[in-house]
Amino acid sequence: MTLRQLRRVASVCGVSRYSRMRKSQLLEEIQKIQSTQSTHIPSTQLEAQLAVEAGKFELGVDVDLTAEELADVDEGLGDLPGGYGDSRIVLLPRDPQWAYAYWDIPIEHKNELRYHGGQQLALRIYDVTDISLENQSPHSIQEYPIDEMAREWYLPIPVSDRSYTIDIGYRCGDGRWLVLARSASVSIPPVYPSDWIEDIFITVPWEEELAGKTFVELVPPSHKAAEAGTASETTEQSAIYDRIFGMGESMESLRVAGSLYGSMQQSPLESISSFVFPSGAGMWSLPTTSGVNMSGVGMSGIGMDVGERQRQFWLIADAELIVYGATEPDATVSIGGRQIKLNPDGTFRFQMSFQDGNIDYPIIAVAKDGEQQRSVHMTFDRSTPSRNTNTKEEAVPEKWF
């Protein structure tokens, strides 16, 4: 019997303080009481009664194992290996702005690629929205050098609501890219509100058999828009939602990890400073008089005695990529495979994070009737040779005179 079963038997037999006893103590007390009982119950009847009582509390697992009982659970098992002999990398979305990658690459595979010219181990993240890398080029590529001993990495996502695939491999001196492993494609969630606004409620009887039945077909909003053509929503609910969704999309287009310029485009600034600056850098980081004073340099220092003081100093800086242009107001424009919203006069502006690496962006405009098309193909490269920055929260007191 398990410890729980023995406690139930001890309760039936009238053992005091049975909940504090171990198995051996419970067995001893139960046997004493059974041997001294004045009313003798036939053994078969007693065994049946105890089995029924104990069965009520049978969980299949003894949850109160002692240290001695646990000591030999992993006896004879070896240590976990450092790797499993297969080159493999996995990409997981953490949130709309960041993804997490981990990998397992045998040292033999690394040595083989280094023998063929591999120099710098790196990660390459590809935008593969609605395409296959087997026979098509990605919408964009970004490369991140990594350490040879690393087994995991966090990567910034250029644009949310897209599909990405990641490679781990070696970059050669002559520009070749040698792949060690490639992940499956993953979809990054959008940072703006979902475009699903149709709520459908149905009542299903409690006794209804659900297997194999379809009660309602959910059609993606993009398909509905294609079927409806240019028909616009006229209800008040749709109008309100369109405004909210437009604000969310504009927030995403301006969203830059640590971007000062992106935050300056929002109004009111105070309401979204924490969104644009997860690190805490907000309105006080703008190049205003108050912002300068908060860093310890400004009017507050005039007239003070010269001597040793404590000062905290900090800096945040980053870059962003802005693509802008204009076309016919009723045309359709896509940047990197993603359709963007035009202003009433046909102008457009697309802003995104510009991290180290290469960004490959085709820009395509299609006339309303689909008969005419114009395009431009742009690529951008960024490199940050050194970085010595910190946020205001990370600043530590330093001595100065």
# chains A, B, ... in the order shown; residues from 1 in each chain; ligands from 1

call {"tool": "residues_around", "arguments": {"residues": "His109 (chain A)", "least_positions_apart": "6", "cutoff": "12 Å", "atoms": "only C-alpha atoms", "output": "CSV table (one decimal) with N, CA, C and O atoms, in the first residue's frame"}}
result
chain,number,residue,atom,x,y,z
A,85,GLY,N,24.7,15.4,-31.5
A,85,GLY,CA,25.2,15.0,-32.8
A,85,GLY,C,24.5,15.5,-34.0
A,85,GLY,O,25.0,15.1,-35.1
A,86,ASP,N,23.5,16.2,-33.9
A,86,ASP,CA,22.7,16.8,-35.0
A,86,ASP,C,22.8,18.3,-35.0
A,86,ASP,O,22.6,18.9,-34.0
A,87,SER,N,23.1,18.9,-36.2
A,87,SER,CA,23.1,20.3,-36.3
A,87,SER,C,21.6,20.8,-36.4
A,87,SER,O,20.9,20.5,-37.3
A,88,ARG,N,21.2,21.6,-35.4
A,88,ARG,CA,19.8,22.0,-35.3
A,88,ARG,C,19.7,23.4,-34.7
A,88,ARG,O,20.4,23.7,-33.7
A,115,TYR,N,37.2,24.6,-42.2
A,115,TYR,CA,38.2,24.1,-43.2
A,115,TYR,C,37.9,24.6,-44.6
A,115,TYR,O,38.8,24.8,-45.4
A,116,HIS,N,36.6,24.8,-44.9
A,116,HIS,CA,36.2,25.3,-46.2
A,116,HIS,C,36.1,26.8,-46.3
A,116,HIS,O,35.6,27.4,-47.2
A,118,GLY,N,35.2,29.1,-43.6
A,118,GLY,CA,34.4,29.8,-42.6
A,118,GLY,C,35.2,30.6,-41.6
A,118,GLY,O,36.2,30.0,-41.0
A,168,ILE,N,22.2,29.5,-38.9
A,168,ILE,CA,23.4,29.7,-38.2
A,168,ILE,C,24.5,29.1,-39.1
A,168,ILE,O,24.3,28.1,-39.7
A,169,GLY,N,25.6,29.9,-39.3
A,169,GLY,CA,26.6,29.5,-40.2
A,169,GLY,C,27.8,30.3,-40.1
A,169,GLY,O,28.0,31.1,-39.2
A,170,TYR,N,28.7,30.2,-41.1
A,170,TYR,CA,30.0,30.9,-41.1
A,170,TYR,C,30.0,31.9,-42.3
A,170,TYR,O,29.6,31.5,-43.4
A,178,LEU,N,28.2,29.9,-45.4
A,178,LEU,CA,28.2,28.4,-45.2
A,178,LEU,C,27.2,28.1,-44.1
A,178,LEU,O,27.4,28.5,-42.9
A,179,VAL,N,26.2,27.4,-44.4
A,179,VAL,CA,25.1,27.2,-43.5
A,179,VAL,C,25.4,25.9,-42.6
A,179,VAL,O,25.7,24.8,-43.2
A,180,LEU,N,25.3,26.1,-41.3
A,180,LEU,CA,25.3,24.9,-40.4
A,180,LEU,C,23.9,24.3,-40.2
A,180,LEU,O,23.8,23.1,-40.2
A,181,ALA,N,22.9,25.2,-40.0
A,181,ALA,CA,21.6,24.7,-39.7
A,181,ALA,C,20.6,25.8,-40.0
A,181,ALA,O,20.9,27.0,-39.9

call {"tool": "residues_around", "arguments": {"residues": "Gln97 (chain A)", "least_positions_apart": "4", "cutoff": "7 Å", "atoms": "only C-alpha atoms", "output": "list in words"}}
result
Pro156, Ile157 and Ser160 of chain A

call {"tool": "residues_around", "arguments": {"residues": "Gln142 (chain A)", "least_positions_apart": "2", "cutoff": "12 Å", "atoms": "only C-alpha atoms", "output": "ChimeraX atom specification"}}
result
/A:122-127,138-140,144-145,155-159,164-168,353-361,379-383

call {"tool": "write_last_selection", "arguments": {"atoms": "N, CA and C atoms", "output": "mmCIF file, in the first residue's frame"}}
result
data_model
loop_
_atom_site.group_PDB
_atom_site.id
_atom_site.type_symbol
_atom_site.label_atom_id
_atom_site.label_comp_id
_atom_site.auth_asym_id
_atom_site.auth_seq_id
_atom_site.Cartn_x
_atom_site.Cartn_y
_atom_site.Cartn_z
ATOM 1 N N ALA A 122 27.922 33.321 -37.247
ATOM 2 C CA ALA A 122 26.904 34.369 -37.242
ATOM 3 C C ALA A 122 25.523 33.761 -37.394
ATOM 4 N N LEU A 123 24.520 34.577 -37.063
ATOM 5 C CA LEU A 123 23.118 34.242 -37.290
ATOM 6 C C LEU A 123 22.586 35.141 -38.397
ATOM 7 N N ARG A 124 21.780 34.571 -39.277
ATOM 8 C CA ARG A 124 21.119 35.352 -40.319
ATOM 9 C C ARG A 124 19.621 35.108 -40.215
ATOM 10 N N ILE A 125 18.874 36.196 -40.048
ATOM 11 C CA ILE A 125 17.420 36.086 -39.938
ATOM 12 C C ILE A 125 16.812 36.611 -41.228
ATOM 13 N N TYR A 126 15.931 35.802 -41.836
ATOM 14 C CA TYR A 126 15.328 36.110 -43.130
ATOM 15 C C TYR A 126 13.838 36.393 -42.956
ATOM 16 N N ASP A 127 13.354 37.397 -43.661
ATOM 17 C CA ASP A 127 11.915 37.652 -43.767
ATOM 18 C C ASP A 127 11.378 36.789 -44.903
ATOM 19 N N PRO A 138 14.659 36.054 -49.918
ATOM 20 C CA PRO A 138 13.914 36.632 -48.785
ATOM 21 C C PRO A 138 13.662 38.117 -48.999
ATOM 22 N N HIS A 139 12.634 38.631 -48.308
ATOM 23 C CA HIS A 139 12.332 40.051 -48.387
ATOM 24 C C HIS A 139 13.444 40.892 -47.771
ATOM 25 N N SER A 140 14.053 40.393 -46.718
ATOM 26 C CA SER A 140 15.148 41.118 -46.071
ATOM 27 C C SER A 140 16.038 40.122 -45.341
ATOM 28 N N TYR A 144 23.932 38.770 -37.601
ATOM 29 C CA TYR A 144 24.421 39.100 -36.266
ATOM 30 C C TYR A 144 25.594 38.191 -35.924
ATOM 31 N N PRO A 145 26.822 38.706 -35.854
ATOM 32 C CA PRO A 145 27.958 37.891 -35.418
ATOM 33 C C PRO A 145 27.738 37.404 -33.988
ATOM 34 N N LEU A 155 17.283 38.095 -30.562
ATOM 35 C CA LEU A 155 17.420 38.906 -31.763
ATOM 36 C C LEU A 155 16.277 39.901 -31.873
ATOM 37 N N PRO A 156 16.559 41.163 -32.244
ATOM 38 C CA PRO A 156 15.488 42.132 -32.480
ATOM 39 C C PRO A 156 14.770 41.824 -33.789
ATOM 40 N N ILE A 157 13.455 41.986 -33.804
ATOM 41 C CA ILE A 157 12.648 41.737 -34.988
ATOM 42 C C ILE A 157 12.457 43.043 -35.752
ATOM 43 N N PRO A 158 12.812 43.112 -37.039
ATOM 44 C CA PRO A 158 12.676 44.370 -37.792
ATOM 45 C C PRO A 158 11.244 44.860 -37.867
ATOM 46 N N VAL A 159 10.312 43.981 -38.281
ATOM 47 C CA VAL A 159 8.909 44.357 -38.455
ATOM 48 C C VAL A 159 8.046 43.217 -37.922
ATOM 49 N N TYR A 164 9.499 34.639 -40.202
ATOM 50 C CA TYR A 164 10.959 34.679 -40.241
ATOM 51 C C TYR A 164 11.543 33.269 -40.114
ATOM 52 N N THR A 165 12.719 33.109 -40.728
ATOM 53 C CA THR A 165 13.535 31.902 -40.613
ATOM 54 C C THR A 165 14.950 32.342 -40.266
ATOM 55 N N ILE A 166 15.659 31.505 -39.497
ATOM 56 C CA ILE A 166 17.007 31.882 -39.073
ATOM 57 C C ILE A 166 18.007 30.808 -39.478
ATOM 58 N N ASP A 167 19.182 31.248 -39.911
ATOM 59 C CA ASP A 167 20.315 30.378 -40.210
ATOM 60 C C ASP A 167 21.403 30.601 -39.183
ATOM 61 N N ILE A 168 22.151 29.543 -38.884
ATOM 62 C CA ILE A 168 23.417 29.688 -38.188
ATOM 63 C C ILE A 168 24.480 29.140 -39.121
ATOM 64 N N SER A 353 13.168 49.812 -37.574
ATOM 65 C CA SER A 353 14.438 49.672 -36.876
ATOM 66 C C SER A 353 15.542 49.349 -37.874
ATOM 67 N N PHE A 354 16.714 49.977 -37.704
ATOM 68 C CA PHE A 354 17.857 49.755 -38.596
ATOM 69 C C PHE A 354 18.996 49.191 -37.762
ATOM 70 N N GLN A 355 19.007 47.865 -37.597
ATOM 71 C CA GLN A 355 20.036 47.195 -36.811
ATOM 72 C C GLN A 355 21.229 46.854 -37.695
ATOM 73 N N ASP A 356 22.321 46.398 -37.063
ATOM 74 C CA ASP A 356 23.496 45.998 -37.823
ATOM 75 C C ASP A 356 23.145 44.857 -38.772
ATOM 76 N N GLY A 357 23.697 44.920 -39.960
ATOM 77 C CA GLY A 357 23.463 43.873 -40.947
ATOM 78 C C GLY A 357 22.958 44.468 -42.248
ATOM 79 N N ASN A 358 22.360 43.618 -43.074
ATOM 80 C CA ASN A 358 21.873 44.018 -44.389
ATOM 81 C C ASN A 358 20.353 43.945 -44.426
ATOM 82 N N ILE A 359 19.732 44.972 -44.983
ATOM 83 C CA ILE A 359 18.290 44.999 -45.188
ATOM 84 C C ILE A 359 18.035 45.124 -46.683
ATOM 85 N N ASP A 360 17.261 44.211 -47.220
ATOM 86 C CA ASP A 360 16.973 44.158 -48.648
ATOM 87 C C ASP A 360 15.480 44.400 -48.835
ATOM 88 N N TYR A 361 15.112 45.568 -49.394
ATOM 89 C CA TYR A 361 13.709 45.945 -49.472
ATOM 90 C C TYR A 361 13.297 46.314 -50.898
ATOM 91 N N THR A 379 18.802 48.294 -51.057
ATOM 92 C CA THR A 379 19.469 47.522 -50.012
ATOM 93 C C THR A 379 20.224 48.492 -49.105
ATOM 94 N N PHE A 380 20.309 48.162 -47.827
ATOM 95 C CA PHE A 380 20.954 49.018 -46.840
ATOM 96 C C PHE A 380 21.856 48.160 -45.962
ATOM 97 N N ASP A 381 23.026 48.701 -45.617
ATOM 98 C CA ASP A 381 23.969 48.015 -44.740
ATOM 99 C C ASP A 381 24.319 48.934 -43.578
ATOM 100 N N ARG A 382 24.371 48.352 -42.393
ATOM 101 C CA ARG A 382 24.767 49.120 -41.216
ATOM 102 C C ARG A 382 25.794 48.337 -40.425
ATOM 103 N N SER A 383 26.784 49.046 -39.870
ATOM 104 C CA SER A 383 27.803 48.446 -39.013
ATOM 105 C C SER A 383 28.075 49.375 -37.846
#

call {"tool": "closest_residue", "arguments": {"among": "A:Arg176, A:Lys213, A:Ile364, A:Gln25", "to": "Leu113 (chain A)", "atoms": "only C-alpha atoms"}}
result
A:Arg176

call {"tool": "atom_distance", "arguments": {"atom1": "CA of Arg338 (chain A)", "atom2": "CA of Leu92 (chain A)"}}
result
21.5 Å
